[in-house]
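S.K.: Sending over entry19.csv (CSV, C-alpha atoms).
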```csv
chain,number,residue,atom,x,y,z
A,26,MET,CA,92.4,120.5,102.7
A,27,SER,CA,90.6,123.7,103.4
A,28,GLU,CA,89.4,124.6,100.0
A,29,ARG,CA,86.2,123.4,98.4
A,30,THR,CA,86.5,121.2,95.4
A,31,ASP,CA,84.1,120.6,92.5
A,32,LEU,CA,83.9,116.8,92.9
A,33,GLY,CA,80.4,115.4,92.5
A,34,PRO,CA,77.2,116.5,94.3
A,35,ARG,CA,77.4,118.8,97.3
A,36,ALA,CA,75.5,118.1,100.5
A,37,ASP,CA,74.5,121.8,100.6
A,38,ALA,CA,72.8,121.4,97.2
A,39,GLY,CA,70.3,119.0,98.8
A,40,GLU,CA,71.9,115.9,97.4
A,41,MET,CA,74.1,113.7,99.6
A,42,PRO,CA,77.0,112.0,97.9
A,43,PRO,CA,76.9,108.2,97.9
A,44,ASP,CA,79.0,106.2,100.3
A,45,LEU,CA,82.1,104.3,99.1
A,46,SER,CA,83.0,101.2,100.9
A,47,PHE,CA,86.5,99.7,100.8
A,48,THR,CA,89.1,97.7,102.7
A,49,THR,CA,92.1,99.6,104.1
A,50,PRO,CA,95.7,98.3,103.9
A,51,GLY,CA,95.2,97.2,107.5
A,52,GLY,CA,92.4,94.9,106.5
A,53,LEU,CA,89.5,96.8,108.0
A,54,ARG,CA,86.3,97.9,106.1
A,55,HIS,CA,85.7,101.6,105.9
A,56,ARG,CA,82.8,103.6,104.5
A,57,ALA,CA,82.7,107.3,103.7
A,58,PRO,CA,80.7,109.7,101.5
A,59,ALA,CA,82.5,110.0,98.1
A,60,ARG,CA,82.5,112.6,95.4
A,61,PHE,CA,84.3,111.9,92.1
A,62,GLY,CA,86.0,114.3,89.7
A,63,PRO,CA,86.7,114.0,86.0
A,64,GLU,CA,88.9,111.3,84.5
A,65,LEU,CA,92.6,112.1,84.8
A,66,ARG,CA,94.8,112.2,81.7
A,67,ARG,CA,97.3,109.4,81.1
A,68,VAL,CA,100.3,109.1,78.8
A,69,VAL,CA,99.0,105.9,77.2
A,70,ARG,CA,95.4,104.8,78.0
A,71,PRO,CA,95.5,101.3,79.6
A,72,PRO,CA,92.3,99.5,80.6
A,73,LEU,CA,92.3,101.1,84.0
A,74,LEU,CA,90.9,104.6,84.5
A,75,ALA,CA,91.8,107.2,87.1
A,76,ARG,CA,89.9,110.1,88.6
A,77,GLU,CA,90.1,112.5,91.5
A,78,LEU,CA,88.2,111.4,94.7
A,79,LEU,CA,87.0,113.4,97.7
A,80,LEU,CA,86.2,111.2,100.7
A,81,GLY,CA,84.1,112.9,103.4
A,82,ASP,CA,84.4,116.7,103.4
A,83,ALA,CA,88.1,117.1,103.2
A,84,TRP,CA,90.3,114.1,102.2
A,85,LYS,CA,91.3,114.1,98.5
A,86,GLY,CA,93.0,111.3,96.6
A,87,VAL,CA,93.0,109.4,93.4
A,88,GLN,CA,90.9,106.4,92.5
A,89,VAL,CA,92.1,103.9,89.9
A,90,ARG,CA,89.3,101.7,88.7
A,91,LEU,CA,88.3,99.1,86.2
A,92,PRO,CA,85.1,100.0,84.3
A,93,SER,CA,82.3,97.5,84.9
A,94,ALA,CA,82.2,96.6,81.1
A,95,ASP,CA,85.8,95.3,81.4
A,96,VAL,CA,85.5,93.4,84.7
A,97,ARG,CA,85.0,90.0,83.0
A,98,ASP,CA,88.1,90.4,80.8
A,99,PRO,CA,90.7,88.4,82.7
A,100,HIS,CA,93.6,90.4,81.2
A,101,GLU,CA,92.2,93.7,82.3
A,102,TYR,CA,91.0,92.5,85.7
A,103,GLN,CA,94.5,91.2,86.3
A,104,ALA,CA,96.0,94.6,85.4
A,105,LEU,CA,94.2,96.1,88.4
A,106,GLU,CA,95.0,93.0,90.5
A,107,ALA,CA,98.7,93.4,89.8
A,108,GLU,CA,98.6,97.1,90.8
A,109,VAL,CA,96.7,96.5,94.0
A,110,GLY,CA,99.0,93.6,94.9
A,111,ALA,CA,102.2,95.6,94.2
A,112,ALA,CA,100.9,98.7,96.0
A,113,LEU,CA,100.0,96.8,99.1
A,114,THR,CA,103.2,94.8,99.2
A,115,VAL,CA,105.3,98.0,99.0
A,116,HIS,CA,103.2,99.9,101.5
A,117,ARG,CA,103.2,97.1,104.1
A,118,ALA,CA,107.0,96.6,103.7
A,119,PHE,CA,107.9,100.2,104.3
A,120,LEU,CA,105.1,101.6,106.4
A,121,GLY,CA,106.6,103.5,109.4
A,122,SER,CA,110.1,103.3,107.8
A,123,PRO,CA,112.1,106.3,106.5
A,124,TYR,CA,111.3,105.1,103.0
A,125,GLN,CA,107.5,105.1,102.9
A,126,GLY,CA,107.4,108.5,101.1
A,127,LEU,CA,109.3,107.1,98.1
A,128,PHE,CA,106.2,105.3,96.9
A,129,PRO,CA,102.4,106.0,96.5
A,130,VAL,CA,100.3,105.5,99.5
A,131,PRO,CA,97.3,103.1,99.0
A,132,VAL,CA,94.3,104.0,101.2
A,133,GLY,CA,91.8,101.3,100.3
A,134,TYR,CA,90.6,98.9,97.6
A,135,ASP,CA,87.6,96.7,96.7
A,136,MET,CA,88.2,94.0,94.1
A,137,ASP,CA,84.6,92.8,94.4
A,138,ALA,CA,82.8,96.0,93.6
A,139,ALA,CA,80.9,96.4,90.3
A,140,GLU,CA,83.9,98.6,89.3
A,141,PRO,CA,86.9,97.2,91.2
A,142,PHE,CA,89.1,100.0,92.4
A,143,LEU,CA,92.2,101.1,94.3
A,144,ILE,CA,92.5,104.4,96.2
A,145,TYR,CA,95.7,106.3,96.6
A,146,ALA,CA,96.6,109.4,98.5
A,147,THR,CA,97.2,112.3,96.2
A,148,PRO,CA,100.7,112.2,94.5
A,149,ARG,CA,103.3,114.5,95.9
A,150,GLY,CA,104.6,117.3,93.7
A,151,GLU,CA,104.5,117.3,89.9
A,152,PRO,CA,105.4,114.8,87.1
A,153,ALA,CA,109.0,114.9,86.1
A,154,THR,CA,107.8,115.6,82.6
A,155,GLY,CA,107.9,119.3,83.6
A,156,LEU,CA,111.6,119.0,84.4
A,157,THR,CA,112.9,118.0,81.0
A,158,HIS,CA,114.2,121.5,80.3
A,159,GLY,CA,117.1,120.7,82.6
A,160,ILE,CA,117.7,120.6,86.4
A,161,SER,CA,120.3,121.8,88.8
A,162,THR,CA,123.1,119.6,90.0
A,163,THR,CA,121.6,119.6,93.5
A,164,ASP,CA,118.2,118.4,92.2
A,165,GLN,CA,120.0,115.8,90.0
A,166,ARG,CA,121.7,114.3,93.0
A,167,ILE,CA,118.5,114.1,95.0
A,168,ILE,CA,116.4,112.6,92.3
A,169,GLU,CA,119.1,110.2,91.3
A,170,ARG,CA,119.6,109.0,94.9
A,171,ASP,CA,115.8,108.6,95.5
A,172,LEU,CA,115.2,106.6,92.3
A,173,VAL,CA,118.2,104.3,92.9
A,174,LEU,CA,117.1,103.8,96.5
A,175,ALA,CA,113.5,102.9,95.3
A,176,VAL,CA,115.0,100.4,92.8
A,177,ARG,CA,117.1,98.8,95.6
A,178,LEU,CA,114.1,98.6,98.0
A,179,LEU,CA,111.9,97.0,95.3
A,180,GLU,CA,114.7,94.6,94.6
A,181,GLY,CA,114.6,93.6,98.3
A,182,LEU,CA,111.0,92.7,97.7
A,183,GLY,CA,111.8,90.6,94.7
A,184,LEU,CA,110.3,93.2,92.3
A,185,VAL,CA,111.6,95.3,89.4
A,186,HIS,CA,109.9,98.4,88.2
A,187,ARG,CA,109.6,98.3,84.4
A,188,GLY,CA,108.0,101.7,83.9
A,189,ILE,CA,110.4,104.3,85.2
A,190,VAL,CA,109.6,107.2,82.8
A,191,PRO,CA,109.2,110.9,83.5
A,192,ALA,CA,105.4,110.5,83.9
A,193,ALA,CA,105.8,107.9,86.6
A,194,VAL,CA,108.2,110.1,88.8
A,195,ARG,CA,106.9,112.9,90.9
A,196,TRP,CA,109.1,115.8,92.2
A,197,ASP,CA,108.1,118.3,94.9
A,198,GLY,CA,111.4,120.1,95.0
A,199,GLU,CA,112.7,118.1,97.9
A,200,ARG,CA,112.0,114.4,97.3
A,201,ALA,CA,111.1,112.1,94.4
A,202,GLN,CA,108.2,109.7,94.5
A,203,LEU,CA,107.9,106.7,92.2
A,204,TRP,CA,104.4,105.8,90.9
A,205,ASP,CA,102.9,103.3,88.5
A,206,LEU,CA,103.5,100.2,90.6
A,207,GLY,CA,101.3,98.2,88.2
A,208,ALA,CA,104.4,98.1,86.0
A,209,THR,CA,106.4,95.9,88.4
A,210,ALA,CA,107.4,92.4,87.6
A,211,ARG,CA,108.8,89.6,89.7
A,212,ILE,CA,112.6,89.4,89.4
A,213,GLY,CA,113.6,86.2,87.6
A,214,ALA,CA,110.4,85.9,85.7
A,215,PRO,CA,110.7,85.7,81.9
A,216,ARG,CA,110.8,89.1,80.4
A,217,THR,CA,107.9,90.1,78.2
A,218,PRO,CA,108.1,93.0,75.7
A,219,TRP,CA,107.4,96.1,77.7
A,220,GLY,CA,108.0,99.8,77.5
A,221,ALA,CA,109.3,102.1,74.9
A,222,ALA,CA,112.7,103.4,73.9
A,223,PRO,CA,114.8,104.9,75.4
A,224,TYR,CA,113.4,104.3,78.9
A,225,ALA,CA,113.1,100.5,78.6
A,226,SER,CA,116.3,98.6,78.3
A,227,PRO,CA,117.0,96.7,75.0
A,228,GLU,CA,116.4,93.4,76.7
A,229,GLN,CA,113.1,94.5,78.2
A,230,ARG,CA,111.8,95.9,74.9
A,231,ALA,CA,112.7,92.7,73.2
A,232,GLY,CA,111.3,90.5,75.9
A,233,VAL,CA,114.4,88.2,76.1
A,234,GLY,CA,115.9,86.7,79.2
A,235,GLU,CA,114.7,87.1,82.8
A,236,ALA,CA,113.6,90.3,84.6
A,237,ASP,CA,116.4,91.8,86.5
A,238,ALA,CA,116.6,94.7,88.9
A,239,ARG,CA,119.2,96.3,86.7
A,240,ASP,CA,116.6,96.8,84.1
A,241,ALA,CA,115.3,99.6,86.3
A,242,LEU,CA,118.8,101.1,86.6
A,243,TRP,CA,118.9,101.5,82.8
A,244,SER,CA,115.5,103.3,83.0
A,245,THR,CA,116.8,105.5,85.8
A,246,ALA,CA,119.9,106.5,83.9
A,247,GLN,CA,117.9,107.3,80.8
A,248,LEU,CA,115.5,109.4,82.8
A,249,MET,CA,118.4,111.3,84.5
A,250,TYR,CA,120.0,112.0,81.2
A,251,GLU,CA,116.8,113.5,79.9
A,252,LEU,CA,116.4,115.7,83.0
A,253,VAL,CA,120.0,116.9,82.8
A,254,ALA,CA,120.4,117.3,79.1
A,255,GLY,CA,116.8,118.3,78.2
A,256,ARG,CA,116.4,115.6,75.5
A,257,PRO,CA,116.0,111.8,75.4
A,258,GLY,CA,119.1,109.5,75.2
A,259,ARG,CA,120.0,106.7,72.8
A,260,PRO,CA,117.9,103.5,72.9
A,261,ASP,CA,120.8,101.1,72.7
A,262,GLY,CA,123.6,102.5,74.8
A,263,PRO,CA,125.2,105.6,76.5
A,264,PRO,CA,124.4,109.0,75.0
A,265,ALA,CA,127.0,110.2,72.5
A,266,ASP,CA,127.6,113.3,74.6
A,267,LEU,CA,127.6,111.7,78.1
A,268,ASP,CA,131.1,112.9,78.8
A,269,ALA,CA,129.8,116.5,78.5
A,270,TYR,CA,127.8,115.8,81.7
A,271,ARG,CA,130.6,114.8,84.0
A,272,SER,CA,128.5,114.5,87.2
A,273,LEU,CA,126.0,112.2,85.4
A,274,ALA,CA,128.7,110.1,83.8
A,275,GLN,CA,130.4,109.6,87.2
A,276,SER,CA,127.2,108.6,89.0
A,277,VAL,CA,125.1,106.5,86.6
A,278,GLY,CA,127.3,106.2,83.5
A,279,ASP,CA,127.8,102.4,83.9
A,280,ALA,CA,124.0,101.9,84.0
A,281,PHE,CA,123.8,102.7,80.3
A,282,ALA,CA,125.4,99.3,79.5
A,283,PRO,CA,123.1,97.5,76.9
A,284,ARG,CA,123.3,94.3,78.9
A,285,ALA,CA,122.0,93.9,82.4
A,286,GLU,CA,125.0,91.9,83.6
A,287,ASP,CA,127.3,94.8,82.6
A,288,ARG,CA,125.5,97.3,84.8
A,289,PRO,CA,126.2,97.8,88.5
A,290,THR,CA,123.7,96.2,91.0
A,291,PRO,CA,121.3,98.6,92.7
A,292,ALA,CA,123.1,98.0,96.0
A,293,ARG,CA,126.5,98.9,94.5
A,294,LEU,CA,125.2,102.0,92.7
A,295,PHE,CA,123.4,103.2,95.8
A,296,GLY,CA,126.6,102.7,97.7
A,297,LEU,CA,128.4,104.9,95.3
A,298,LEU,CA,125.8,107.7,95.6
A,299,VAL,CA,125.2,107.5,99.4
A,300,PRO,CA,127.8,106.2,101.9
A,301,ASP,CA,125.0,104.6,104.1
A,302,PRO,CA,124.3,100.9,105.0
A,303,ASP,CA,122.3,98.9,102.5
A,304,PRO,CA,118.7,100.3,102.8
A,305,ALA,CA,117.2,96.9,102.0
A,306,THR,CA,118.0,95.8,105.5
A,307,VAL,CA,114.7,97.5,106.6
A,308,LEU,CA,113.1,94.4,105.1
A,309,MET,CA,114.8,92.3,107.7
A,310,ALA,CA,113.2,94.2,110.6
A,311,GLY,CA,110.9,91.3,111.7
A,312,PRO,CA,107.7,89.4,111.0
A,313,ASP,CA,104.9,91.2,109.1
A,314,PRO,CA,102.1,91.9,111.5
A,315,LEU,CA,99.7,92.2,108.5
A,316,GLU,CA,100.3,88.7,107.2
A,317,PRO,CA,96.7,87.5,108.1
A,318,TYR,CA,95.3,90.4,106.0
A,319,ARG,CA,97.7,89.6,103.2
A,320,ARG,CA,96.4,86.0,103.2
A,321,GLU,CA,92.8,87.3,103.3
A,322,PHE,CA,93.5,89.6,100.3
A,323,ASP,CA,95.1,86.7,98.4
A,324,ASP,CA,92.1,84.5,99.1
A,325,ARG,CA,89.7,87.2,97.9
A,326,LEU,CA,91.6,87.5,94.7
A,327,ALA,CA,91.6,83.8,94.2
A,328,ARG,CA,87.8,83.6,94.5
A,329,LYS,CA,87.5,86.6,92.1
A,330,ARG,CA,89.8,85.0,89.6
A,331,GLU,CA,87.7,81.8,89.8
A,332,ALA,CA,84.5,83.8,89.3
A,333,VAL,CA,85.8,85.5,86.1
A,334,GLY,CA,87.4,82.4,84.7
A,335,VAL,CA,91.0,83.3,85.3
A,336,ASP,CA,93.6,80.6,86.0
A,337,GLY,CA,94.7,81.4,89.5
A,338,HIS,CA,98.1,79.7,89.0
A,339,ALA,CA,99.0,81.7,85.9
A,340,ASP,CA,101.6,84.4,86.4
A,341,HIS,CA,99.3,87.4,86.0
A,342,MET,CA,102.2,89.7,85.2
A,343,GLN,CA,102.5,87.9,81.8
A,344,HIS,CA,99.0,89.1,80.8
A,345,ILE,CA,99.4,92.9,81.1
A,346,GLU,CA,102.0,93.7,78.5
A,347,HIS,CA,99.7,96.3,77.1
A,348,MET,CA,99.8,98.3,80.3
A,349,GLN,CA,101.9,101.4,80.0
A,350,HIS,CA,103.1,104.2,82.2
A,351,ILE,CA,100.6,106.4,84.1
A,352,GLU,CA,100.8,110.2,84.5
A,353,TYR,CA,98.2,111.6,86.9
A,354,LEU,CA,97.3,115.1,85.9
A,355,GLY,CA,94.6,117.3,87.1
A,356,PRO,CA,91.6,118.1,85.0
A,357,THR,CA,93.3,121.3,83.8
A,358,GLY,CA,96.6,119.4,83.0
A,359,ALA,CA,98.3,121.2,85.8
A,360,GLY,CA,99.9,118.1,87.3
A,361,GLY,CA,97.3,117.3,90.0
A,362,GLN,CA,97.7,118.1,93.6
A,363,GLY,CA,101.1,118.7,95.1
A,364,GLY,CA,102.5,118.7,98.6
A,365,ALA,CA,99.9,117.9,101.1
A,366,GLY,CA,98.0,115.3,99.1
A,367,GLY,CA,97.5,112.4,101.5
A,368,PRO,CA,97.0,111.8,105.2
A,369,GLY,CA,100.1,113.1,107.1
A,370,ALA,CA,101.8,114.4,103.9
A,371,SER,CA,101.7,118.0,105.1
A,372,VAL,CA,104.0,117.2,108.1
A,373,THR,CA,106.4,114.7,106.6
A,374,ASP,CA,109.3,114.8,104.2
A,375,GLY,CA,109.8,112.5,101.3
A,376,TYR,CA,111.0,109.6,103.5
A,377,GLY,CA,108.1,109.8,106.0
A,378,GLY,CA,110.2,111.8,108.5
A,379,PRO,CA,109.0,115.1,109.9
A,380,ARG,CA,109.6,118.4,108.2
A,381,ASP,CA,111.1,121.2,110.2
A,382,GLY,CA,108.9,122.0,113.2
A,383,ALA,CA,106.6,119.0,112.7
A,384,ALA,CA,106.2,116.3,115.4
A,385,ARG,CA,107.4,112.8,114.5
A,386,ASP,CA,104.6,110.3,114.3
A,387,THR,CA,105.8,107.2,112.4
A,388,PRO,CA,104.3,104.2,114.2
A,389,LYS,CA,106.2,100.9,114.3
A,390,PRO,CA,104.7,98.0,112.4
A,391,SER,CA,103.4,96.5,115.6
A,392,ASP,CA,101.4,99.6,116.3
A,393,GLN,CA,99.4,99.8,113.0
A,394,GLU,CA,96.2,101.0,114.7
A,395,ARG,CA,97.7,103.8,116.8
A,396,GLY,CA,98.4,107.4,116.3
A,397,TRP,CA,98.1,108.7,112.7
A,398,LEU,CA,96.9,105.3,111.4
A,399,ARG,CA,93.7,105.7,113.4
A,400,GLY,CA,92.7,107.8,110.4
A,401,TRP,CA,92.3,106.8,106.8
A,402,LEU,CA,95.3,104.5,106.5
A,403,GLY,CA,94.5,102.6,109.7
A,404,GLY,CA,91.0,101.6,108.7
A,405,GLY,CA,88.6,104.3,109.9
A,406,THR,CA,87.6,106.2,113.0
A,407,ASP,CA,87.7,105.0,116.6
A,408,ARG,CA,84.0,104.6,116.6
A,409,GLU,CA,84.3,102.1,113.7
A,410,ARG,CA,87.1,100.3,115.5
A,411,GLY,CA,84.8,99.8,118.5
A,412,ARG,CA,82.2,98.1,116.2
A,413,ASN,CA,85.0,95.8,115.1
A,414,GLY,CA,86.0,94.9,118.6
A,415,ARG,CA,89.1,96.9,118.7
A,416,GLY,CA,88.1,100.1,120.5
A,417,ARG,CA,90.5,102.7,121.8
A,418,ARG,CA,94.0,101.8,122.9
```
Written as structure tokens, how would this file's structure read?
M.R.:
Amino acid sequence: MSERTDLGPRADAGEMPPDLSFTTPGGLRHRAPARFGPELRRVVRPPLLARELLLGDAWKGVQVRLPSADVRDPHEYQALEAEVGAALTVHRAFLGSPYQGLFPVPVGYDMDAAEPFLIYATPRGEPATGLTHGISTTDQRIIERDLVLAVRLLEGLGLVHRGIVPAAVRWDGERAQLWDLGATARIGAPRTPWGAAPYASPEQRAGVGEADARDALWSTAQLMYELVAGRPGRPDGPPADLDAYRSLAQSVGDAFAPRAEDRPTPARLFGLLVPDPDPATVLMAGPDPLEPYRREFDDRLARKREAVGVDGHADHMQHIEHMQHIEYLGPTGAGGQGGAGGPGASVTDGYGGPRDGAARDTPKPSDQERGWLRGWLGGGTDRERGRNGRGRR
């Protein structure tokens, strides 16, 4: 970013900003001067707070944090724990793949801080709430495809997103990005009452049966109807005028079935939208080189749960029913930062591939500390890597 921002104290005012220390997704510690902006507006206020963040002199993102007064509340601590866990799981699964741009990019976290937090790269584009006046058929197809693809990829990780609403979907005119990963649940876990009509399926709102990836397809169909028709759909079945929107009826019409078993699977629906191989095969690429860091993260959370009196064997997803869907908006309500929000975002398309004229730089999982990942996502500067025994490659 080249423009100055009004985030916290300025060095040229004689007051240096405090350093913020965090662990990167690669498992390395990083420290940088941090300036904080005002709290960002949310659709429903959960226990977690969000604010703009400026690291160093140029890198801008979003910090999601738990206020210190709420740290000892096990339900609220686990709400942040769930979001950090889901964000890291998704990021590690798709880093370097064509699909990484579909999801928010975690930059760092610290669950042991006085106010535990998670840092994201700035969301791409604007919330889909600004599209509910109606969209073109071309945009419909792209958003539809991206959301069904995201649902299928999450299913491959054993997760279902329970919070697909306009506020959780970003759109930059080229690609969609699905946020609010704290709303995910483990597929097969007992459903708990979650979400609001018409976006949440009838079974999800009632909290009956087991979480199913097809719950997210109901939400996707409802979202697409609202974007196309300009109004919300029915909470218990297909919109009465669905046949008036032929392209929508042909693509996601079956996803409006009130029961999950009557809806198509994400793989089948994606196959109808895009004649490509099943995208979830990216999960079969090979062993996860970050598994040691994953275990370290789990160990840290286990110690933290013990310190705050939380049962480490409880399914923490059952304790955050009160969490709702997040909409990151800038302090003026303008939808936050679009486009080049995070590291590398200015040269990549929505799937992590290069835009026209940009060089490709998507490292393989075995090269986590090379190229672009030497920056924020890889855990700091080369100098810091030297102190950690890694040095230059």
S.K.: Could you give me, as JSON lines, every region 225-302 of chain A residue with an atom at most 7 Å from region 148-165 of chain A, plus its closest atom pair and distance in Å to one decimal, counting all atoms listed in the file, rows ordered by chain then number?
M.R.:
```
{"residue": "A:Glu251", "atom": "CA", "partner": "A:Thr157", "partner_atom": "CA", "distance": 6.1}
{"residue": "A:Leu252", "atom": "CA", "partner": "A:Thr157", "partner_atom": "CA", "distance": 4.6}
{"residue": "A:Val253", "atom": "CA", "partner": "A:Gly159", "partner_atom": "CA", "distance": 4.8}
{"residue": "A:Ala254", "atom": "CA", "partner": "A:Gly159", "partner_atom": "CA", "distance": 5.9}
{"residue": "A:Gly255", "atom": "CA", "partner": "A:His158", "partner_atom": "CA", "distance": 4.6}
{"residue": "A:Arg256", "atom": "CA", "partner": "A:Thr157", "partner_atom": "CA", "distance": 6.9}
```
S.K.: Using all atoms listed in the file, which residue out of A:Ala327, A:Val176, A:Ala57, A:Val89 lies closest to Thr245 (chain A)?
M.R.: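 Ranked by minimum distance to Thr245 (chain A), first place goes to A:Val176.
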S.K.: Select all residues near (77.1, 96.9, 92.1) (cut-off 12 Å, inclusive, file coordinates), counting all atoms listed in the file, and output them as a ChimeraX atom specification.
M.R.: /A:45-46,92-93,96,135-141
S.K.: Given the choices A:Glu64, A:Asp197, A:Asp205, A:Asp287, which gets closest to Ala104 (chain A) if the distance is worked out from only C-alpha atoms?
M.R.: A:Asp205
S.K.: With distances taken over only C-alpha atoms, which of A:Ala59, A:Ile167, A:Ala210, A:Ile189 is nearest to Ser276 (chain A)?
M.R.: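 Of A:Ala59, A:Ile167, A:Ala210, A:Ile189, the one nearest Ser276 (chain A), counting only C-alpha atoms, is A:Ile167.
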S.K.: Counting all atoms listed in the file, which residue out of A:Gly51, A:Gly110, A:Pro215, A:Gly126 sits closest to Leu326 (chain A)?
M.R.: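 Among the listed residues, A:Gly110 lies closest to Leu326 (chain A).
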